[in-house]
Structures are given as structure tokens and as C-alpha cells.
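Structure below is target.txt: compact mmCIF, C-alpha atoms.
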# COMPACT_ATOMS: atom_id res chain seq x y z
CA MET X 1 0.00 0.00 0.00
CA GLY X 2 1.01 3.67 0.16
CA GLU X 3 3.59 4.94 -2.33
CA ARG X 4 4.30 1.53 -3.84
CA GLY X 5 0.64 0.83 -4.59
CA SER X 6 -1.21 -2.44 -4.01
CA PHE X 7 -0.01 -5.87 -5.13
CA PHE X 8 -2.34 -5.83 -8.14
CA ASP X 9 -1.28 -2.28 -9.15
CA ARG X 10 2.29 -3.48 -9.46
CA LEU X 11 1.54 -6.78 -11.21
CA PRO X 12 1.96 -5.97 -14.92
CA LEU X 13 4.94 -3.71 -14.23
CA LEU X 14 7.26 -6.30 -12.75
CA ASP X 15 10.82 -5.72 -13.74
CA LYS X 16 12.85 -8.49 -15.34
CA ASN X 17 14.46 -9.70 -12.11
CA ARG X 18 11.23 -9.79 -10.18
CA ALA X 19 9.39 -11.52 -13.04
CA THR X 20 12.10 -14.19 -13.15
CA LYS X 21 11.72 -14.66 -9.40
CA PHE X 22 7.96 -15.08 -9.85
CA ILE X 23 8.54 -17.79 -12.46
CA VAL X 24 11.20 -19.63 -10.45
CA TYR X 25 9.28 -19.54 -7.15
CA GLY X 26 6.08 -20.48 -8.98
CA LEU X 27 7.83 -23.44 -10.59
CA ILE X 28 9.25 -24.62 -7.27
CA VAL X 29 5.86 -24.38 -5.56
CA ALA X 30 4.13 -26.08 -8.49
CA ILE X 31 6.68 -28.92 -8.47
CA LEU X 32 6.28 -29.39 -4.70
CA PHE X 33 2.49 -29.49 -4.88
CA GLY X 34 2.67 -31.72 -7.97
CA LEU X 35 4.92 -34.08 -6.04
CA MET X 36 2.39 -34.09 -3.21
CA MET X 37 -0.36 -34.95 -5.70
CA MET X 38 1.57 -37.86 -7.17
CA ILE X 39 2.54 -39.29 -3.78
CA SER X 40 -1.02 -38.93 -2.50
CA ARG X 41 -2.47 -40.61 -5.62
CA SER X 42 0.10 -43.39 -5.45
CA ILE X 43 -0.75 -44.12 -1.78
CA ALA X 44 -4.47 -44.21 -2.60
CA LEU X 45 -4.04 -46.45 -5.64
CA ASN X 46 -1.88 -48.90 -3.71
CA ALA X 47 -4.10 -49.04 -0.62
CA GLY X 48 -5.48 -52.43 -1.70
CA THR X 49 -1.99 -53.88 -2.16
CA TRP X 50 -0.98 -52.63 1.28
CA GLN X 51 -4.18 -54.13 2.74
CA ASN X 52 -3.31 -57.57 1.32
CA LEU X 53 0.18 -57.37 2.82
CA ALA X 54 -1.11 -56.18 6.22
CA ASN X 55 -3.78 -58.91 6.30
CA GLN X 56 -1.16 -61.56 5.55
CA GLU X 57 1.10 -60.18 8.29
CA ASN X 58 -1.87 -60.21 10.67
CA LEU X 59 -2.62 -63.85 9.85
CA MET X 60 1.00 -64.87 10.28
CA ASN X 61 1.27 -63.05 13.62
CA TYR X 62 -1.85 -64.93 14.75
CA TRP X 63 -0.50 -68.29 13.57
CA ASP X 64 2.79 -67.52 15.34
CA GLY X 65 0.81 -67.03 18.55
CA VAL X 66 1.91 -63.40 18.92
CA TYR X 67 -1.72 -62.56 19.73
CA GLY X 68 -5.09 -64.24 19.97
CA TYR X 69 -8.29 -64.28 17.95
CA ASN X 70 -9.77 -61.05 19.27
CA ASP X 71 -6.51 -59.15 18.77
CA TYR X 72 -6.50 -60.59 15.24
CA ILE X 73 -10.04 -59.29 14.67
CA ARG X 74 -9.12 -55.90 16.11
CA ARG X 75 -6.04 -55.62 13.90
CA GLN X 76 -8.18 -56.61 10.89
CA GLN X 77 -10.57 -53.73 11.63
CA GLU X 78 -7.62 -51.34 12.05
CA ILE X 79 -6.29 -52.47 8.65
CA TYR X 80 -9.67 -51.63 7.06
CA GLU X 81 -9.65 -48.21 8.76
CA ILE X 82 -6.12 -47.42 7.56
CA THR X 83 -7.03 -48.57 4.03
CA TYR X 84 -10.02 -46.20 3.97
CA TRP X 85 -7.78 -43.39 5.24
CA MET X 86 -5.21 -44.14 2.54
CA GLN X 87 -7.98 -43.73 -0.02
CA TRP X 88 -9.62 -40.70 1.60
CA GLN X 89 -6.37 -38.75 2.10
CA ASP X 90 -6.18 -38.55 -1.69
CA VAL X 91 -9.31 -36.36 -1.73
CA ILE X 92 -7.89 -34.03 0.93
CA PHE X 93 -4.37 -33.71 -0.45
CA MET X 94 -5.43 -33.58 -4.10
CA ASN X 95 -7.65 -30.58 -3.35
CA ILE X 96 -4.94 -28.83 -1.33
CA ALA X 97 -2.43 -29.57 -4.10
CA ARG X 98 -4.86 -28.36 -6.78
CA VAL X 99 -5.18 -24.98 -5.04
CA GLY X 100 -1.39 -24.85 -4.53
CA VAL X 101 -0.61 -25.66 -8.16
CA ASN X 102 -3.10 -23.11 -9.43
CA VAL X 103 -1.64 -20.39 -7.19
CA ALA X 104 1.86 -21.34 -8.38
CA LEU X 105 0.71 -21.27 -12.01
CA PHE X 106 -0.78 -17.82 -11.40
CA PHE X 107 2.64 -16.59 -10.25
CA ILE X 108 4.28 -18.10 -13.35
CA LEU X 109 1.58 -16.48 -15.52
CA ILE X 110 2.30 -13.06 -13.97
CA GLY X 111 6.03 -13.64 -14.56
CA PHE X 112 5.56 -14.40 -18.25
CA LEU X 113 3.02 -11.60 -18.68
CA SER X 114 5.55 -9.19 -17.21
CA PHE X 115 8.10 -10.37 -19.75
CA ALA X 116 5.52 -9.91 -22.51
CA VAL X 117 4.78 -6.27 -21.60
CA ASN X 118 8.40 -5.38 -20.88
CA ASP X 119 9.48 -3.09 -23.76
CA LYS X 120 13.13 -3.45 -22.79
CA LEU X 121 13.13 -7.04 -24.06
CA ASP X 122 13.37 -8.05 -27.70
CA GLU X 123 10.23 -8.71 -29.68
CA ARG X 124 10.72 -12.47 -30.05
CA THR X 125 11.18 -13.07 -26.28
CA ARG X 126 8.08 -10.99 -25.56
CA ARG X 127 6.04 -12.94 -28.09
CA ILE X 128 7.15 -16.34 -26.71
CA SER X 129 6.41 -15.11 -23.18
CA LEU X 130 2.92 -14.06 -24.25
CA ILE X 131 2.26 -17.47 -25.83
CA LEU X 132 3.51 -19.23 -22.69
CA ALA X 133 1.37 -16.94 -20.49
CA GLY X 134 -1.67 -17.80 -22.63
CA LEU X 135 -0.91 -21.49 -22.37
CA ILE X 136 -0.59 -21.30 -18.58
CA LEU X 137 -3.82 -19.33 -18.39
CA PHE X 138 -5.48 -22.07 -20.46
CA VAL X 139 -4.24 -24.71 -18.00
CA ILE X 140 -5.40 -22.65 -15.01
CA MET X 141 -8.86 -22.20 -16.53
CA PHE X 142 -9.19 -25.91 -17.32
CA THR X 143 -7.99 -27.12 -13.91
CA THR X 144 -10.24 -24.60 -12.18
CA PHE X 145 -13.47 -25.25 -14.06
CA PHE X 146 -12.93 -28.91 -14.97
CA ALA X 147 -11.48 -31.80 -13.00
CA SER X 148 -8.17 -31.99 -14.81
CA ILE X 149 -6.50 -32.13 -18.16
CA SER X 150 -5.83 -35.66 -19.27
CA ILE X 151 -4.25 -37.13 -22.34
CA SER X 152 -5.22 -40.64 -23.34
CA VAL X 153 -3.31 -42.61 -25.91
CA SER X 154 -5.07 -45.54 -27.53
CA MET A 155 22.14 -19.17 12.38
CA LYS A 156 20.25 -19.67 15.65
CA ARG A 157 16.99 -20.03 13.75
CA LYS A 158 18.51 -22.73 11.52
CA LEU A 159 19.64 -24.65 14.60
CA ILE A 160 16.15 -24.46 16.12
CA VAL A 161 14.62 -25.68 12.84
CA LYS A 162 17.06 -28.63 12.79
CA ILE A 163 16.33 -29.53 16.43
CA VAL A 164 12.55 -29.37 15.88
CA LEU A 165 12.84 -31.48 12.72
CA ILE A 166 14.91 -34.11 14.55
CA LEU A 167 12.40 -34.03 17.43
CA GLY A 168 9.52 -34.66 15.01
CA ILE A 169 11.36 -37.56 13.38
CA VAL A 170 12.24 -39.02 16.80
CA PHE A 171 8.54 -38.94 17.77
CA LEU A 172 7.59 -40.69 14.52
CA ILE A 173 10.26 -43.37 15.04
CA LEU A 174 9.35 -43.86 18.71
CA ALA A 175 5.61 -44.24 18.00
CA PRO A 176 5.61 -47.85 16.66
CA ILE A 177 8.37 -48.92 19.09
CA LEU A 178 6.40 -47.64 22.10
CA GLY A 179 3.19 -49.08 20.66
CA TYR A 180 4.76 -52.52 20.33
CA THR A 181 6.53 -52.59 23.69
CA THR A 182 3.57 -51.33 25.74
CA ASP A 183 0.86 -53.15 23.79
CA LYS A 184 0.64 -55.82 26.48
CA LEU A 185 1.90 -55.64 30.03
CA VAL A 186 2.93 -58.87 31.73
CA LEU A 187 1.11 -59.32 35.05
CA LEU A 188 2.34 -62.82 35.76
CA ASP A 189 4.86 -65.14 34.14
CA GLN A 190 5.53 -68.19 36.26
CA LYS A 191 6.71 -71.61 35.12
CA PRO A 192 5.85 -73.75 36.97
CA ILE A 193 3.30 -72.82 39.61
CA VAL A 194 2.98 -75.61 42.16
CA ILE A 195 -0.18 -76.24 44.19
CA ASN A 196 -1.54 -79.25 45.99
CA GLU A 197 -4.19 -81.64 44.80
CA ASP A 198 -6.47 -80.67 47.67
CA SER A 199 -7.02 -77.50 45.61
CA GLU A 200 -9.94 -79.40 44.13
CA ASP A 201 -11.63 -79.60 47.51
CA GLY A 202 -11.74 -75.93 48.41
CA LEU A 203 -11.04 -72.52 46.90
CA GLN A 204 -8.75 -71.63 49.81
CA LYS A 205 -6.19 -74.16 48.52
CA SER A 206 -6.60 -73.31 44.84
CA PHE A 207 -4.32 -70.99 42.95
CA ALA A 208 -5.87 -67.53 42.60
CA PHE A 209 -4.70 -64.52 40.65
CA PRO A 210 -6.83 -61.36 41.00
CA PHE A 211 -6.89 -58.65 38.33
CA SER A 212 -9.02 -55.69 37.27
CA LEU A 213 -10.24 -54.74 33.83
CA GLU A 214 -11.19 -51.32 32.58
CA SER A 215 -13.61 -50.65 29.75
CA HIS A 216 -12.43 -52.26 26.48
CA GLN A 217 -9.47 -53.87 28.19
CA LYS A 218 -8.80 -57.58 28.11
CA ILE A 219 -6.33 -60.06 29.48
CA SER A 220 -4.52 -62.78 27.57
CA ILE A 221 -3.68 -65.98 29.43
CA GLU A 222 -1.25 -68.64 28.29
CA PHE A 223 -2.13 -71.76 30.25
CA SER A 224 -0.02 -74.87 29.74
CA VAL A 225 0.69 -78.17 31.42
CA TYR A 226 3.47 -80.61 30.59
CA TYR A 227 4.08 -82.38 33.89
CA ALA A 228 3.55 -86.09 34.62
CA ASN A 229 0.21 -87.22 36.06
CA VAL A 230 -1.12 -83.69 36.38
CA SER A 231 -4.69 -82.73 35.67
CA ALA A 232 -5.41 -78.99 35.89
CA THR A 233 -8.40 -76.75 35.25
CA LEU A 234 -8.54 -72.98 34.78
CA LYS A 235 -11.64 -70.89 35.50
CA ILE A 236 -12.29 -67.17 35.84
CA PHE A 237 -14.70 -65.80 38.45
CA GLY A 238 -16.02 -62.36 39.28
CA ARG A 239 -14.31 -61.01 42.41
CA GLY A 240 -17.51 -60.73 44.48
CA PHE A 241 -18.57 -64.29 43.65
CA TYR A 242 -15.07 -65.58 44.35
CA ASP A 243 -14.82 -63.82 47.74
CA GLN A 244 -18.19 -65.21 48.78
CA ARG A 245 -17.26 -68.76 47.77
CA TYR A 246 -13.76 -68.38 49.25
CA SER A 247 -15.21 -67.66 52.68
CA LEU A 248 -17.29 -70.84 52.34
CA ASN A 249 -14.25 -72.71 50.95
CA SER A 250 -16.46 -74.12 48.18
CA SER A 251 -15.02 -76.72 45.84
CA PRO A 252 -14.10 -75.02 42.55
CA THR A 253 -15.14 -78.11 40.58
CA GLY A 254 -18.81 -77.32 41.17
CA LEU A 255 -18.55 -73.59 40.35
CA THR A 256 -19.32 -72.24 36.88
CA GLY A 257 -16.72 -69.82 35.55
CA LEU A 258 -17.22 -66.85 33.27
CA ASP A 259 -16.99 -67.30 29.51
CA PHE A 260 -13.73 -66.64 27.70
CA VAL A 261 -12.33 -67.23 24.22
CA TYR A 262 -9.57 -69.76 23.60
CA SER A 263 -7.43 -70.30 20.52
CA GLN A 264 -5.15 -72.85 18.96
CA PHE A 265 -2.76 -71.58 16.35
CA VAL A 266 -2.98 -73.81 13.29
CA TRP A 267 -0.83 -72.63 10.41
CA GLY A 268 -2.62 -72.15 7.11
CA GLN A 269 -6.08 -72.47 8.67
CA SER A 270 -8.66 -69.77 9.21
CA PRO A 271 -8.36 -68.36 12.76
CA SER A 272 -12.12 -68.62 13.36
CA THR A 273 -12.02 -72.43 12.78
CA TYR A 274 -9.69 -73.00 15.72
CA THR A 275 -11.22 -70.54 18.15
CA GLY A 276 -13.96 -71.29 20.63
CA SER A 277 -15.51 -70.05 23.83
CA ASP A 278 -15.93 -71.89 27.11
CA ASN A 279 -16.08 -71.29 30.86
CA GLU A 280 -13.17 -73.60 31.73
CA ARG A 281 -10.13 -75.25 30.18
CA THR A 282 -8.86 -78.58 31.48
CA PHE A 283 -5.83 -80.74 30.80
CA LEU A 284 -6.38 -84.35 31.86
CA TYR A 285 -3.75 -86.73 33.29
CA ASP A 286 -2.77 -88.07 29.90
CA GLU A 287 -2.76 -84.68 28.20
CA ASP A 288 -0.10 -82.04 27.78
CA GLY A 289 -1.06 -78.85 26.11
CA TYR A 290 -1.28 -75.13 25.73
CA TRP A 291 -4.25 -72.77 25.50
CA TYR A 292 -4.23 -69.11 24.57
CA ILE A 293 -7.17 -67.54 26.39
CA GLU A 294 -8.65 -64.05 26.00
CA PHE A 295 -11.04 -62.60 28.55
CA ALA A 296 -12.82 -59.24 28.84
CA GLY A 297 -15.81 -60.07 31.07
CA ASP A 298 -18.07 -62.14 28.82
CA THR A 299 -18.37 -63.45 25.27
CA SER A 300 -20.81 -63.46 22.39
CA GLY A 301 -19.89 -66.46 20.30
CA ASP A 302 -16.13 -66.21 19.83
CA TYR A 303 -16.11 -62.45 20.39
CA LEU A 304 -15.39 -60.67 23.64
CA ILE A 305 -17.83 -58.42 25.48
CA SER A 306 -16.13 -55.80 27.61
CA ILE A 307 -17.40 -55.76 31.20
CA PRO A 308 -15.05 -53.74 33.39
CA GLY A 309 -14.54 -55.00 36.91
CA SER A 310 -12.47 -57.16 39.21
CA TYR A 311 -11.95 -60.83 38.47
CA VAL A 312 -9.96 -63.80 39.71
CA ILE A 313 -8.22 -66.53 37.73
CA VAL A 314 -8.50 -69.82 39.59
CA VAL A 315 -6.54 -72.98 38.83
CA TYR A 316 -7.02 -76.27 40.62
CA GLY A 317 -6.02 -79.81 39.82
CA ASP A 318 -5.21 -83.36 40.76
CA ASN A 319 -2.18 -85.64 40.66
CA ASN A 320 -2.87 -89.14 39.36
CA GLY A 321 0.55 -90.47 40.35
CA PRO A 322 1.56 -92.40 43.49
CA PRO A 323 -0.39 -91.40 46.64
CA SER A 324 2.68 -89.65 48.04
CA ASP A 325 2.89 -87.39 45.00
CA THR A 326 0.28 -84.70 45.58
CA THR A 327 1.70 -81.73 43.74
CA VAL A 328 -0.06 -80.11 40.79
CA SER A 329 2.26 -78.12 38.51
CA PHE A 330 1.22 -75.86 35.65
CA ASN A 331 2.46 -72.80 33.77
CA LEU A 332 0.66 -69.50 33.60
CA VAL A 333 1.41 -66.26 31.74
CA VAL A 334 -1.05 -63.40 32.21
CA LYS A 335 -0.86 -60.25 30.09
CA ILE A 336 -3.13 -57.23 30.15
CA ASP A 337 -3.77 -54.69 27.36
CA GLY A 338 -1.37 -51.80 27.90
CA PRO A 339 -1.46 -48.19 26.68
CA GLY A 340 0.35 -49.18 23.43
CA ASP A 341 -2.37 -48.11 20.97
CA PHE A 342 -2.90 -44.78 22.71
CA LEU A 343 0.82 -43.99 22.98
CA GLU A 344 1.48 -44.99 19.36
CA GLU A 345 -1.29 -42.75 18.07
CA LEU A 346 -0.26 -39.87 20.36
CA PHE A 347 3.38 -40.00 19.25
CA TYR A 348 2.38 -40.20 15.57
CA TYR A 349 0.17 -37.12 15.97
CA ILE A 350 2.86 -35.18 17.88
CA GLY A 351 5.57 -36.12 15.33
CA ALA A 352 3.40 -35.28 12.32
CA GLY A 353 2.13 -32.10 14.02
CA VAL A 354 5.66 -30.85 14.80
CA ILE A 355 6.86 -31.48 11.22
CA GLY A 356 3.66 -29.93 9.80
CA LEU A 357 4.10 -26.79 11.91
CA LEU A 358 7.74 -26.61 10.85
CA VAL A 359 6.76 -26.76 7.16
CA LEU A 360 4.21 -23.99 7.73
CA PHE A 361 6.80 -21.90 9.58
CA ILE A 362 9.40 -22.34 6.80
CA SER A 363 6.79 -21.52 4.13
CA TYR A 364 5.81 -18.39 6.03
CA SER A 365 9.47 -17.33 6.34
CA TYR A 366 9.94 -17.74 2.58
CA TYR A 367 6.72 -15.83 1.95
CA LYS A 368 7.95 -12.98 4.15
CA LYS A 369 11.30 -12.94 2.34
CA PHE A 370 9.55 -12.99 -1.02
CA LYS A 371 7.13 -10.24 -0.05
CA GLY A 372 10.05 -8.14 1.16
CA GLY A 373 11.57 -8.38 -2.31
CA ARG A 374 14.83 -9.80 -1.05
Written as C-alpha cells, how would this file's structure read?
Amino acid sequence: MGERGSFFDRLPLLDKNRATKFIVYGLIVAILFGLMMMISRSIALNAGTWQNLANQENLMNYWDGVYGYNDYIRRQQEIYEITYWMQWQDVIFMNIARVGVNVALFFILIGFLSFAVNDKLDERTRRISLILAGLILFVIMFTTFFASISISVS
Amino acid sequence: MKRKLIVKIVLILGIVFLILAPILGYTTDKLVLLDQKPIVINEDSEDGLQKSFAFPFSLESHQKISIEFSVYYANVSATLKIFGRGFYDQRYSLNSSPTGLTGLDFVYSQFVWGQSPSTYTGSDNERTFLYDEDGYWYIEFAGDTSGDYLISIPGSYVIVVYGDNNGPPSDTTVSFNLVVKIDGPGDFLEELFYYIGAGVIGLLVLFISYSYYKKFKGGR
């Protein structure tokens, strides 16, 4: 606020250094949230495999006499609970990650837009930056209004 | 520099909590109340409760005990029953014979590899090894049963073991082995340590993110 103006007032007038920072930080944040998405999805998809392993371990512990029938039943119920959590966490973390990625993409978009309107840069760089900004905007719009962008090869 | 050191210490603390959680959970899952091999009583334990072996214990809500009862001594016949404390005290004062008393229901298991656990689990109010039998029973008790499942009834109970020696008349000892374990705070501690560990690391991530945000906002 004050002399420097609000965040939005300064957005299209980012200098080259600050625009680069926006892109780099945006990329880092997007990669981190993307990583979170992939890990979360992987855990959810493999919940069934983990359940099979945990059930087998439970059976073998019972057969070894480590615990009795009711402990076996209790552990079985705990395995079901953990499996459901492994599946449900995907919903929570995917939504958090989706917001995070979109915010990060917004920063990258601002960075490229700033390059595009910077008259100190050469024409070709500005044009490529504008195309990239448009592409990122396209991705943001799709991931905001639709579930996701997917490519299927058949 | 000092801030970095604090961050490192907190991170290590969080990891330590996460590592300790399953270890604590495993070690405190069951607490051993009694582990005696052998316990020796006399065969007149069959005649009156005052001569029988008795082990009192208390159960809280959703707590159970696990008993490993085994006999592998010559000529020994032994029976295990569980009574409510009030009932036991009343019968103890009368020195009633435990053979005529009905015990509370418990679940017993035999561990047969490759077979479904439910096939080799049953419920009964007593377990007996006869003269010509050696054996081992894993017993679970929480107050009562419904089929092979436990019903939690908190209260005070007594494990009673009595028996007979079928050997020469001069040999009157009855030997058996008994291990009694009670549910410990393992589950609670494991969950608590997981939450603390994850919470500490989560807060640290938020703190680091906020620091970066402040740096970024400051234009440095």
C-alpha cells in the first residue's frame, strides 16, 4: 500500500528480475504441490496392495501365537480403517495440491506476462512469453473449471 | 544461524517422535502381570477354593487379558476358570469346591498354520488338561463373550486354577504354567506419538513456508 501501490497495481509492471523470481518460485511451488499430488495418488491407488500385505502379516502373527483371535479381529478392523484413510487422504491432499498448483501457475503467468509487456526485451522473447502466459492461463482455466487435463493414448 | 539450529532440532524431534511411535506401541501393547513356570499347588485344591491358585486382576472398559495356560508335567490334571471377584470372595469364605462352580466365559485359541483363525477358536467357561494330556491354550477374557467375540465388562476378576495328581499317593503336587498379560497403553501412545511427530513437522513446514513468503514479499 502507500507509495508503492497495491499488489495488483504493481503486477503488470514487474521488472525483469522480479518476473524471473515469480517464475522460479512459482515453478518450485508447483513442483512441490505436484509431487504431493503424485505421492497422495500413489498411496491411494496402492491401498489395496498394502491391505493384502497387512492382512497376511496379521494372519502370520496370529499363527505364530503373537496374539489371539480377538486381537486378530481388532487388527483386521484397524487395517480396514487405515485402508479407507489411505484412499480418503487422496481427496484431501489432491484438493490442497490443486489450489497450490493453481496459485503457483498464477505466479508463473504473472512472470511471463511481465516479460511480454516489458518493452526493454526483444520482440521475439516478448512474443514467446505471451504465448507461454496464454498457455498457462489455459491450463489454469481448465484445472479450475474442470477436474483436470488428461491425455489418453489408444 | 540460531533459527537454523532451532529448525534442525525441531525437525529431529519430530522424526524421533515418529520413530518412537511404533516402538512404544509394540513394547507397551501388552503388560505382563504374571509369568511363572511352573506354579505348584496341591491336589487338595480341588476340595476348596482356599487351597486353589488364585490370581486377582481388574479390567477397565475395552481392556482384556490374555492368558497362556499350559501343562506338561507327569500325572497332572489342571483346570482354569475365571470368576467375578464378588462371587469368588463369597465362595472363598465358604471354601467351596471349585469343581462345582461355573466360571465366566472366555475365548480360547489354537494356532494352526494355514487355517482360518475362526475355525480353531472357541468359547468356554473352563479349560482342562487331563492326566494323559499335555497342552497349551491361549485364552482371551474381557468379562463375557458373544460367540467367539469378547464383550467388555469392566470389573475385578480372579483366575482360579485347581487340579489333581494321578501319580503315586505320596505325589500330591499339581504343577502348571501360567502367563497373564493385560492390554497396555500401546495403541494410545502410538497414536499420540504419531500425531505429535506429524504435528511438529507440519508446523515446521508452515513456519518455513511463512518465512519464505515474508522474504519474497520483502523483495529480497
Next on the checklist: Residues of chain X within 12 Å of chain A, counting all atoms listed in the file - could you list those as JSON, numbers by chain?
Outcome noted: {"X": [7, 14, 15, 17, 18, 19, 21, 22, 24, 25, 26, 29, 32, 56, 58, 59, 60, 61, 62, 63, 64, 65, 66, 67, 68, 69, 70, 71, 72, 73, 74, 75, 76, 78]}
Convert the current residue selection to file output with C-alpha atoms, as a tab-separated table (two decimals), in the coordinates of the input.
chain	number	residue	atom	x	y	z
X	7	PHE	CA	-0.01	-5.87	-5.13
X	14	LEU	CA	7.26	-6.30	-12.75
X	15	ASP	CA	10.82	-5.72	-13.74
X	17	ASN	CA	14.46	-9.70	-12.11
X	18	ARG	CA	11.23	-9.79	-10.18
X	19	ALA	CA	9.39	-11.52	-13.04
X	21	LYS	CA	11.72	-14.66	-9.40
X	22	PHE	CA	7.96	-15.08	-9.85
X	24	VAL	CA	11.20	-19.63	-10.45
X	25	TYR	CA	9.28	-19.54	-7.15
X	26	GLY	CA	6.08	-20.48	-8.98
X	29	VAL	CA	5.86	-24.38	-5.56
X	32	LEU	CA	6.28	-29.39	-4.70
X	56	GLN	CA	-1.16	-61.56	5.55
X	58	ASN	CA	-1.87	-60.21	10.67
X	59	LEU	CA	-2.62	-63.85	9.85
X	60	MET	CA	1.00	-64.87	10.28
X	61	ASN	CA	1.27	-63.05	13.62
X	62	TYR	CA	-1.85	-64.93	14.75
X	63	TRP	CA	-0.50	-68.29	13.57
X	64	ASP	CA	2.79	-67.52	15.34
X	65	GLY	CA	0.81	-67.03	18.55
X	66	VAL	CA	1.91	-63.40	18.92
X	67	TYR	CA	-1.72	-62.56	19.73
X	68	GLY	CA	-5.09	-64.24	19.97
X	69	TYR	CA	-8.29	-64.28	17.95
X	70	ASN	CA	-9.77	-61.05	19.27
X	71	ASP	CA	-6.51	-59.15	18.77
X	72	TYR	CA	-6.50	-60.59	15.24
X	73	ILE	CA	-10.04	-59.29	14.67
X	74	ARG	CA	-9.12	-55.90	16.11
X	75	ARG	CA	-6.04	-55.62	13.90
X	76	GLN	CA	-8.18	-56.61	10.89
X	78	GLU	CA	-7.62	-51.34	12.05
Next on the checklist: Residues within 12 Å of segment 108-124 of chain X, please, as a PyMOL selection string. Count all atoms listed in the file; anything in the same chain fewer than 4 positions from it doesn't count.
Outcome noted: chain X and resi 7-8+10-30+101-104+128-141
Checklist entry - To one decimal place, how far is atom CA of Thr327 of chain A from atom CA of Gly289 of chain A in Å? => result 18.1 Å
Checklist outcome for this item: Residue with the minimum atom-to-atom distance to Val315 of chain A, picked from A:Ile177, A:Ile193, A:Leu187, A:Leu167 with all atoms listed in the file counted, is A:Ile193
Item to check | Residues within 10 Å of segment 207-216 of chain A, only C-alpha atoms, excluding chain neighbours under 3 positions, as JSON, numbers by chain | outcome: {"A": [187, 188, 193, 194, 195, 196, 199, 203, 204, 219, 234, 235, 236, 237, 238, 239, 242, 295, 296, 297, 304, 305, 306, 307, 308, 309, 310, 311, 312, 313, 314, 315, 316, 317, 334, 336, 337]}
Quick one: what's the axis-aligned box for segment 83-89 of chain X, all listed atoms, 8 Å on every side, centre and edges in Å to one decimal, as AutoDock Vina command-line options?
--center_x -7.6 --center_y -43.7 --center_z 2.6 --size_x 20.8 --size_y 25.8 --size_z 21.3
Item to check | Interatomic distance (Å, one decimal) between atom CA of Lys205 of chain A and atom CA of Glu222 of chain A | outcome: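 Computing the Euclidean distance for atom CA of Lys205 of chain A and atom CA of Glu222 of chain A yields 21.5 Å.
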Since the input is missing atoms, can you rebuild all heavy atoms for segment 31-37 of chain X and write them as a compact mmCIF listing (two decimals), keeping the file's coordinate frame?
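Saved the output as rebuild-v5.txt:
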# COMPACT_ATOMS: atom_id res chain seq x y z
N ILE X 31 6.04 -27.59 -8.51
CA ILE X 31 6.68 -28.92 -8.47
C ILE X 31 6.40 -29.60 -7.13
O ILE X 31 6.06 -30.78 -7.07
CB ILE X 31 8.20 -28.79 -8.73
CG1 ILE X 31 8.44 -28.47 -10.21
CG2 ILE X 31 8.93 -30.07 -8.35
CD1 ILE X 31 9.85 -28.03 -10.53
N LEU X 32 6.51 -28.81 -6.03
CA LEU X 32 6.28 -29.39 -4.70
C LEU X 32 4.85 -29.90 -4.55
O LEU X 32 4.61 -31.02 -4.08
CB LEU X 32 6.58 -28.35 -3.61
CG LEU X 32 8.06 -28.06 -3.36
CD1 LEU X 32 8.23 -26.97 -2.32
CD2 LEU X 32 8.79 -29.32 -2.92
N PHE X 33 3.88 -29.07 -4.99
CA PHE X 33 2.49 -29.49 -4.88
C PHE X 33 2.19 -30.65 -5.85
O PHE X 33 1.40 -31.55 -5.54
CB PHE X 33 1.54 -28.32 -5.13
CG PHE X 33 1.32 -27.48 -3.90
CD1 PHE X 33 1.88 -26.22 -3.78
CD2 PHE X 33 0.55 -27.96 -2.84
CE1 PHE X 33 1.68 -25.46 -2.63
CE2 PHE X 33 0.35 -27.20 -1.70
CZ PHE X 33 0.92 -25.94 -1.60
N GLY X 34 2.83 -30.62 -7.01
CA GLY X 34 2.67 -31.72 -7.97
C GLY X 34 3.19 -33.02 -7.40
O GLY X 34 2.56 -34.08 -7.54
N LEU X 35 4.32 -32.92 -6.70
CA LEU X 35 4.92 -34.08 -6.04
C LEU X 35 3.96 -34.64 -4.99
O LEU X 35 3.73 -35.85 -4.89
CB LEU X 35 6.23 -33.65 -5.38
CG LEU X 35 7.23 -34.74 -5.05
CD1 LEU X 35 7.77 -35.36 -6.31
CD2 LEU X 35 8.36 -34.15 -4.22
N MET X 36 3.37 -33.70 -4.24
CA MET X 36 2.39 -34.09 -3.21
C MET X 36 1.22 -34.83 -3.85
O MET X 36 0.76 -35.86 -3.34
CB MET X 36 1.91 -32.82 -2.50
CG MET X 36 1.05 -33.06 -1.30
SD MET X 36 0.85 -31.51 -0.41
CE MET X 36 -0.86 -31.18 -0.71
N MET X 37 0.75 -34.32 -4.97
CA MET X 37 -0.36 -34.95 -5.70
C MET X 37 -0.01 -36.38 -6.09
O MET X 37 -0.79 -37.30 -5.87
CB MET X 37 -0.59 -34.17 -7.01
CG MET X 37 -1.76 -33.26 -7.03
SD MET X 37 -1.88 -32.65 -8.72
CE MET X 37 -2.87 -31.21 -8.46
